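Participant: This is the structure I want to talk about, given as structure tokens.
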Number of protein chains: 2
Amino acid sequence: MVRFFVSAEELMGEDAFLTGENAQHAKVLRLKAGETVLLCDGEGREALCQITQAEGGQWRLQVMERRKSQSEAAVAVSVYMAYPKGDKLEHVIQKATELGAREIVAFPSARCVSRPDEKSLKKKLERWQKIAAAAAEQSGRGVIPRVVTLGSYREALQRAAQADKALLFYENEQAVTLKMALSADGYESVSLLTGPEGGLEEAEVAQAREAGIQVCTLGKRILRCETAPLCALSAVMYHTGEF
Amino acid sequence: MVRFFVSAEELMGEDAFLTGENAQHAKVLRLKAGETVLLCDGEGREALCQITQAEGGQWRLQVMERRKSQSEAAVAVSVYMAYPKGDKLEHVIQKATELGAREIVAFPSARCVSRPDEKSLKKKLERWQKIAAAAAEQSGRGVIPRVVTLGSYREALQRAAQADKALLFYENEQAVTLKMALSADGYESVSLLTGPEGGLEEAEVAQAREAGIQVCTLGKRILRCETAPLCALSAVMYHTGEF
């Protein structure tokens with residue numbers, strides 16, 4: 001079924017409309033009156049709608065059934081990633097969205113080579129959020145993951161630690177595996193933290209422990225900074241019964 | 001420890017040498033006599049060596065200890081991917097190598113938009129194998145995964161089915177999860193098959209079943225063709241105790 005993201009307000013009435021890019025898209029797809037489409041508000045609510053008007057550039061829909069999104073993961077996973085070089089963050093935002101992350105949080109750490117300055121940040125954040133929205137649409141998500149940027153490593157630790165389970169991956173950790181970390185008790189939210197190209201500094205890892213974050217390994221092979229969060233996210237989704 | 005890939009022959013004597021790119025690399029790293037390095041033959045054997053000469057462009061090493069590679073996965077996973085568009089195969093080769101795959105096998109399927117012609121294949125295969133070698137080195141692998149190309153979908157099914165466990169991921173499968181497929185009995189080798197951008201055709205999925213390949217789901221969200229194999233590979237590595 002064709003899906004469109006609209007604002008939460010647009011989803012509230014008995015009728016709904018496709019405008020702007022949605023209308024363009026509907027035109028390209030040659031949708032017709034009588035067909036059924038899915039409207040999503042990007043926050044987990046959706047409505048099955050029937051097209052009642054598809055002429056004169058007007059796309060009018062009638063809401064038939066409201067429901068909770070069917071495609072969201074049971075556990076809310078936040079991917080915390082230290083700013084990587086180049087366009088790797090864009091890659092991670094796209095892939096983490098497909099894989100079901102609830103949010104992607106970028107933060108600076110000691111060995112980050114690049115971090116956006118205040119001036120460029122607003123534009124970049126808009127761009128990143130658009131990437132998340134496009135990936136959410138393509139992968140059939142009911143929630144558009146929020147892209148968040150934080151100003152300091154300390155802030156990232158504090159925010160990440162608020163999840164039921166907060167994990168940091170460190171290449172020098174050998175004893176605690178992700179499996180051990182995930183096996184204990186029930187949890188509804190998980191934070192996954194990974195470092196930049198050069199890795200996290202030992203002092204930073206110690207700081208994370210102090211903040212109540214569990215340090216664990218992703219195995220014997222060194223993963224690139226853009227591979228680690230997606231590997232961990234895939235494993236968490238697998239562990240929590242998504243597939 | 002610094003690691004270098006050499007040929008199996010070069011690893012056989014009591015002395016070894018760094019030549020070509022390895023010598024270049026050693027020079028850049030300013031390695032000195034007395035330092036210890038690791039030589040790997042890319043097939044799972046390695047040797048701890050001490051540098052005995054580091055002058056005049058000659059890099060001579062003495063083998064101190066031979067051992068099996070410590071960084072290989074317990075289960076040999078083959079990633080079978082239908083030819084995707086653009087440079088996505090290169091991406092998957094790099095990432096699958098980091099994640100521990102034993103080989104990456106590319107094959108054509110009905111909805112593949114592009115597939116290399118005979119003429120360009122040799123060059124491309126060389127390039128792909130180089131990507132695997134570079135990723136193996138960077139991630140600390142003891143084995144350089146082999147990149148294999150097959151001429152037909154049927155051939156891919158037959159080859160994949162020879163593994164202890166052969167799985168194909170299909171977006172319309174809902175009943176059998178990867179977890180169910182992995183939970184049964186012991187296995188030492190696993191094949192993971194995924195389709196191209198447009199997915200596999202129903203007839204192709206039926207053909208896979210006939211070949212003895214189990215069809216399963218990667219969850220409710222539609223993964224891009226380059227995301228699916230890496231997600232599945234991460235989950236298999238997680239399941240088999242790698243992290």
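Going through the structure tokens in order, the chains are called A, B, and so on, while each chain numbers its residues from 1 and the ligands are numbered from 1 in the order shown.
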Near segment 33-35 of chain A, within 8 Å and counting only C-alpha atoms, which residues show up once chain neighbours fewer than 3 positions away are dropped, as a PyMOL selection string?
Facilitator: chain A and resi 50-54
Participant: Please extract the residues of segment 1-179 of chain A with a backbone DSSP assignment of helix (DSSP H, G or I) and present them as a PyMOL selection string.
Facilitator: chain A and resi 20-28+88-99+118-139+153-160+178-179
Participant: Atom CA of Thr97 of chain A to atom CA of Ser183 of chain B: how many Å, to one decimal?
Facilitator: 27.1 Å
Participant: Report as a PDB file with C-alpha atoms, in the first residue's frame the set of chain A residues whose atoms approach chain B to within 10 Å, with distances computed over only C-alpha atoms.
Facilitator:
ATOM      1  CA  GLN A  70       2.479  -1.783  12.729  1.00  0.00           C
ATOM      2  CA  SER A  71       6.113  -1.529  11.750  1.00  0.00           C
ATOM      3  CA  GLU A  72       7.830  -0.054  14.792  1.00  0.00           C
ATOM      4  CA  ALA A  73      10.289  -2.003  16.908  1.00  0.00           C
ATOM      5  CA  GLN A  94      19.774   6.280   6.594  1.00  0.00           C
ATOM      6  CA  LYS A  95      20.703   2.746   7.634  1.00  0.00           C
ATOM      7  CA  ALA A  96      19.787   3.122  11.315  1.00  0.00           C
ATOM      8  CA  THR A  97      16.369   4.363  10.204  1.00  0.00           C
ATOM      9  CA  GLU A  98      15.823   1.306   8.015  1.00  0.00           C
ATOM     10  CA  LEU A  99      16.976  -0.932  10.840  1.00  0.00           C
ATOM     11  CA  GLY A 100      14.408   0.588  13.194  1.00  0.00           C
ATOM     12  CA  ALA A 135      14.528   6.389   4.779  1.00  0.00           C
ATOM     13  CA  ALA A 136      11.511   6.058   7.082  1.00  0.00           C
ATOM     14  CA  GLU A 137       9.165   6.357   4.127  1.00  0.00           C
ATOM     15  CA  GLN A 138      11.149   3.932   1.977  1.00  0.00           C
ATOM     16  CA  SER A 139      11.394   1.306   4.703  1.00  0.00           C
ATOM     17  CA  GLY A 140       7.763   1.539   5.798  1.00  0.00           C
ATOM     18  CA  ARG A 141       8.413   3.046   9.211  1.00  0.00           C
ATOM     19  CA  GLY A 142       5.562   4.581  11.193  1.00  0.00           C
ATOM     20  CA  GLN A 174      37.089  -8.083  25.949  1.00  0.00           C
ATOM     21  CA  ALA A 175      35.192  -9.546  28.875  1.00  0.00           C
ATOM     22  CA  VAL A 176      31.657  -8.200  28.443  1.00  0.00           C
ATOM     23  CA  THR A 177      29.923  -9.133  25.212  1.00  0.00           C
ATOM     24  CA  LEU A 178      26.827  -7.454  23.856  1.00  0.00           C
ATOM     25  CA  LYS A 179      24.980 -10.716  24.473  1.00  0.00           C
ATOM     26  CA  MET A 180      25.803 -10.570  28.187  1.00  0.00           C
ATOM     27  CA  CYS A 216      31.044  -3.977  25.947  1.00  0.00           C
ATOM     28  CA  THR A 217      32.664  -5.507  22.898  1.00  0.00           C
ATOM     29  CA  LEU A 218      31.470  -6.114  19.351  1.00  0.00           C
ATOM     30  CA  GLY A 219      33.953  -8.942  18.870  1.00  0.00           C
ATOM     31  CA  LYS A 220      37.497  -9.593  17.756  1.00  0.00           C
ATOM     32  CA  ARG A 221      37.388  -7.668  14.515  1.00  0.00           C
ATOM     33  CA  ILE A 222      37.859  -3.913  14.408  1.00  0.00           C
ATOM     34  CA  LEU A 223      34.772  -2.324  12.916  1.00  0.00           C
ATOM     35  CA  ARG A 224      34.862   1.046  11.191  1.00  0.00           C
ATOM     36  CA  GLU A 226      30.153   3.707  10.614  1.00  0.00           C
ATOM     37  CA  THR A 227      29.870  -0.091  10.767  1.00  0.00           C
ATOM     38  CA  ALA A 228      29.851  -0.509  14.544  1.00  0.00           C
ATOM     39  CA  LEU A 230      24.701  -0.571  12.559  1.00  0.00           C
ATOM     40  CA  CYS A 231      26.109  -3.934  13.596  1.00  0.00           C
ATOM     41  CA  ALA A 232      25.108  -3.299  17.211  1.00  0.00           C
ATOM     42  CA  LEU A 233      21.666  -2.047  16.188  1.00  0.00           C
ATOM     43  CA  SER A 234      21.063  -5.122  14.009  1.00  0.00           C
ATOM     44  CA  ALA A 235      22.043  -7.380  16.900  1.00  0.00           C
ATOM     45  CA  VAL A 236      19.770  -5.571  19.366  1.00  0.00           C
ATOM     46  CA  MET A 237      16.841  -5.815  16.951  1.00  0.00           C
ATOM     47  CA  TYR A 238      17.589  -9.496  16.460  1.00  0.00           C
ATOM     48  CA  HIS A 239      17.903 -10.101  20.192  1.00  0.00           C
ATOM     49  CA  GLY A 241      12.700 -10.496  18.581  1.00  0.00           C
ATOM     50  CA  GLU A 242      12.273  -8.274  15.536  1.00  0.00           C
ATOM     51  CA  PHE A 243      13.340 -10.979  13.099  1.00  0.00           C
TER      52      PHE A 243
END
Participant: Figure out the distance between atom CA of Arg60 of chain B and atom CA of Asp15 of chain B, please, to one decimal in Å.
Facilitator: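 According to the coordinates, atom CA of Asp15 of chain B and atom CA of Arg60 of chain B are separated by 7.0 Å.
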Participant: Just to confirm, what's the straight-line distance from atom CA of Phe17 of chain B to atom CA of Cys49 of chain B in Å (one decimal)?
Facilitator: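 Result for atom CA of Phe17 of chain B versus atom CA of Cys49 of chain B: 10.2 Å, one decimal.
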Participant: Which residue out of A:Ala134, A:Val77, A:Cys225, A:Leu11 has the minimum interatomic distance to Leu89 of chain A when only C-alpha atoms are used?
Facilitator: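 The answer is A:Cys225, which sits nearest to Leu89 of chain A.
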Participant: Looking only at strand (DSSP E or B) from DSSP on the backbone, list the matching residues of segment 49-192 of chain A as number ranges by chain.
Facilitator: A: 49-53, 59-68, 76-82, 103-107, 143, 146-149, 165-169, 177, 189-192
Participant: Grab the residues selected above and save them as a compact mmCIF listing (two decimals), in the first residue's frame with N, CA and C atoms.
Facilitator:
# COMPACT_ATOMS: atom_id res chain seq x y z
N CYS A 49 -6.86 5.30 4.57
CA CYS A 49 -7.76 6.28 3.95
C CYS A 49 -8.15 5.83 2.55
N GLN A 50 -9.36 6.25 2.16
CA GLN A 50 -9.78 6.01 0.79
C GLN A 50 -9.74 7.34 0.04
N ILE A 51 -9.24 7.30 -1.17
CA ILE A 51 -9.21 8.52 -1.98
C ILE A 51 -10.63 8.82 -2.46
N THR A 52 -11.12 10.02 -2.12
CA THR A 52 -12.49 10.39 -2.55
C THR A 52 -12.46 11.38 -3.70
N GLN A 53 -11.34 12.09 -3.86
CA GLN A 53 -11.21 13.01 -4.98
C GLN A 53 -9.78 12.98 -5.47
N TRP A 59 -6.34 16.35 -3.97
CA TRP A 59 -6.33 14.96 -3.48
C TRP A 59 -7.00 14.93 -2.13
N ARG A 60 -8.25 14.48 -2.13
CA ARG A 60 -9.02 14.43 -0.90
C ARG A 60 -9.18 12.98 -0.47
N LEU A 61 -9.03 12.73 0.82
CA LEU A 61 -9.10 11.36 1.33
C LEU A 61 -10.09 11.28 2.48
N GLN A 62 -10.69 10.13 2.64
CA GLN A 62 -11.57 9.91 3.79
C GLN A 62 -10.91 8.89 4.72
N VAL A 63 -10.84 9.27 5.99
CA VAL A 63 -10.21 8.36 6.95
C VAL A 63 -11.16 7.19 7.24
N MET A 64 -10.66 5.98 7.07
CA MET A 64 -11.49 4.79 7.29
C MET A 64 -11.17 4.10 8.61
N GLU A 65 -9.90 4.08 8.94
CA GLU A 65 -9.52 3.38 10.18
C GLU A 65 -8.24 3.99 10.72
N ARG A 66 -8.27 4.29 12.02
CA ARG A 66 -7.05 4.79 12.67
C ARG A 66 -6.39 3.66 13.43
N ARG A 67 -5.09 3.65 13.45
CA ARG A 67 -4.41 2.58 14.19
C ARG A 67 -2.99 3.01 14.57
N LYS A 68 -2.41 2.22 15.44
CA LYS A 68 -1.01 2.42 15.79
C LYS A 68 -0.17 1.82 14.66
N ALA A 76 12.76 0.78 22.01
CA ALA A 76 13.20 2.05 21.42
C ALA A 76 14.71 2.17 21.52
N VAL A 77 15.38 2.09 20.39
CA VAL A 77 16.84 2.13 20.40
C VAL A 77 17.34 3.49 19.92
N SER A 78 18.19 4.11 20.74
CA SER A 78 18.84 5.35 20.35
C SER A 78 20.28 5.07 19.95
N VAL A 79 20.65 5.52 18.77
CA VAL A 79 22.01 5.32 18.29
C VAL A 79 22.81 6.60 18.55
N TYR A 80 23.77 6.52 19.44
CA TYR A 80 24.63 7.67 19.76
C TYR A 80 25.95 7.51 19.03
N MET A 81 26.25 8.43 18.16
CA MET A 81 27.46 8.29 17.35
C MET A 81 28.31 9.55 17.44
N ALA A 82 29.60 9.37 17.75
CA ALA A 82 30.52 10.51 17.73
C ALA A 82 30.65 10.99 16.29
N GLU A 103 15.94 7.04 17.44
CA GLU A 103 16.60 8.33 17.23
C GLU A 103 18.08 8.12 16.96
N ILE A 104 18.69 9.11 16.32
CA ILE A 104 20.12 9.08 16.06
C ILE A 104 20.69 10.36 16.67
N VAL A 105 21.66 10.19 17.56
CA VAL A 105 22.19 11.32 18.30
C VAL A 105 23.68 11.47 17.98
N ALA A 106 24.07 12.62 17.47
CA ALA A 106 25.48 12.87 17.15
C ALA A 106 26.09 13.75 18.22
N PHE A 107 27.32 13.45 18.58
CA PHE A 107 27.98 14.22 19.64
C PHE A 107 29.48 14.30 19.37
N VAL A 143 7.33 5.74 12.35
CA VAL A 143 7.95 6.84 13.10
C VAL A 143 9.15 7.34 12.31
N ARG A 146 14.14 10.80 15.18
CA ARG A 146 14.60 12.16 15.38
C ARG A 146 16.12 12.16 15.32
N VAL A 147 16.67 13.14 14.61
CA VAL A 147 18.12 13.31 14.61
C VAL A 147 18.43 14.43 15.59
N VAL A 148 19.29 14.14 16.54
CA VAL A 148 19.60 15.08 17.62
C VAL A 148 21.10 15.35 17.60
N THR A 149 21.50 16.60 17.82
CA THR A 149 22.94 16.87 17.97
C THR A 149 23.18 17.45 19.35
N LYS A 165 18.66 0.69 29.31
CA LYS A 165 19.95 0.03 29.13
C LYS A 165 20.82 0.92 28.27
N ALA A 166 21.99 1.29 28.78
CA ALA A 166 22.90 2.15 28.01
C ALA A 166 24.23 1.43 27.83
N LEU A 167 24.63 1.25 26.58
CA LEU A 167 25.82 0.47 26.26
C LEU A 167 26.80 1.27 25.41
N LEU A 168 28.07 1.14 25.73
CA LEU A 168 29.11 1.77 24.92
C LEU A 168 30.03 0.68 24.38
N PHE A 169 30.37 0.77 23.11
CA PHE A 169 31.22 -0.25 22.49
C PHE A 169 32.65 0.26 22.41
N THR A 177 30.45 -9.15 26.58
CA THR A 177 29.92 -9.13 25.21
C THR A 177 28.57 -8.42 25.19
N SER A 189 13.93 0.60 26.48
CA SER A 189 14.74 1.55 25.71
C SER A 189 16.22 1.21 25.87
N VAL A 190 16.95 1.37 24.79
CA VAL A 190 18.39 1.04 24.78
C VAL A 190 19.14 2.18 24.11
N SER A 191 20.26 2.59 24.70
CA SER A 191 21.17 3.53 24.04
C SER A 191 22.42 2.78 23.61
N LEU A 192 22.87 3.03 22.41
CA LEU A 192 24.09 2.39 21.90
C LEU A 192 25.10 3.48 21.53
Participant: Smallest atom-to-atom distance to Glu188 of chain A: which of A:Arg102, A:Arg154, A:Arg209, A:Arg127, using only C-alpha atoms?
Facilitator: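 The answer is A:Arg102, which sits nearest to Glu188 of chain A.
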Participant: From the options A:Ile144, A:Thr240, A:Gln129, A:Lys85, which residue's atoms come nearest to Phe5 of chain A, counting only C-alpha atoms?
Facilitator: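 Nearest candidate to Phe5 of chain A out of A:Ile144, A:Thr240, A:Gln129, A:Lys85: A:Ile144.
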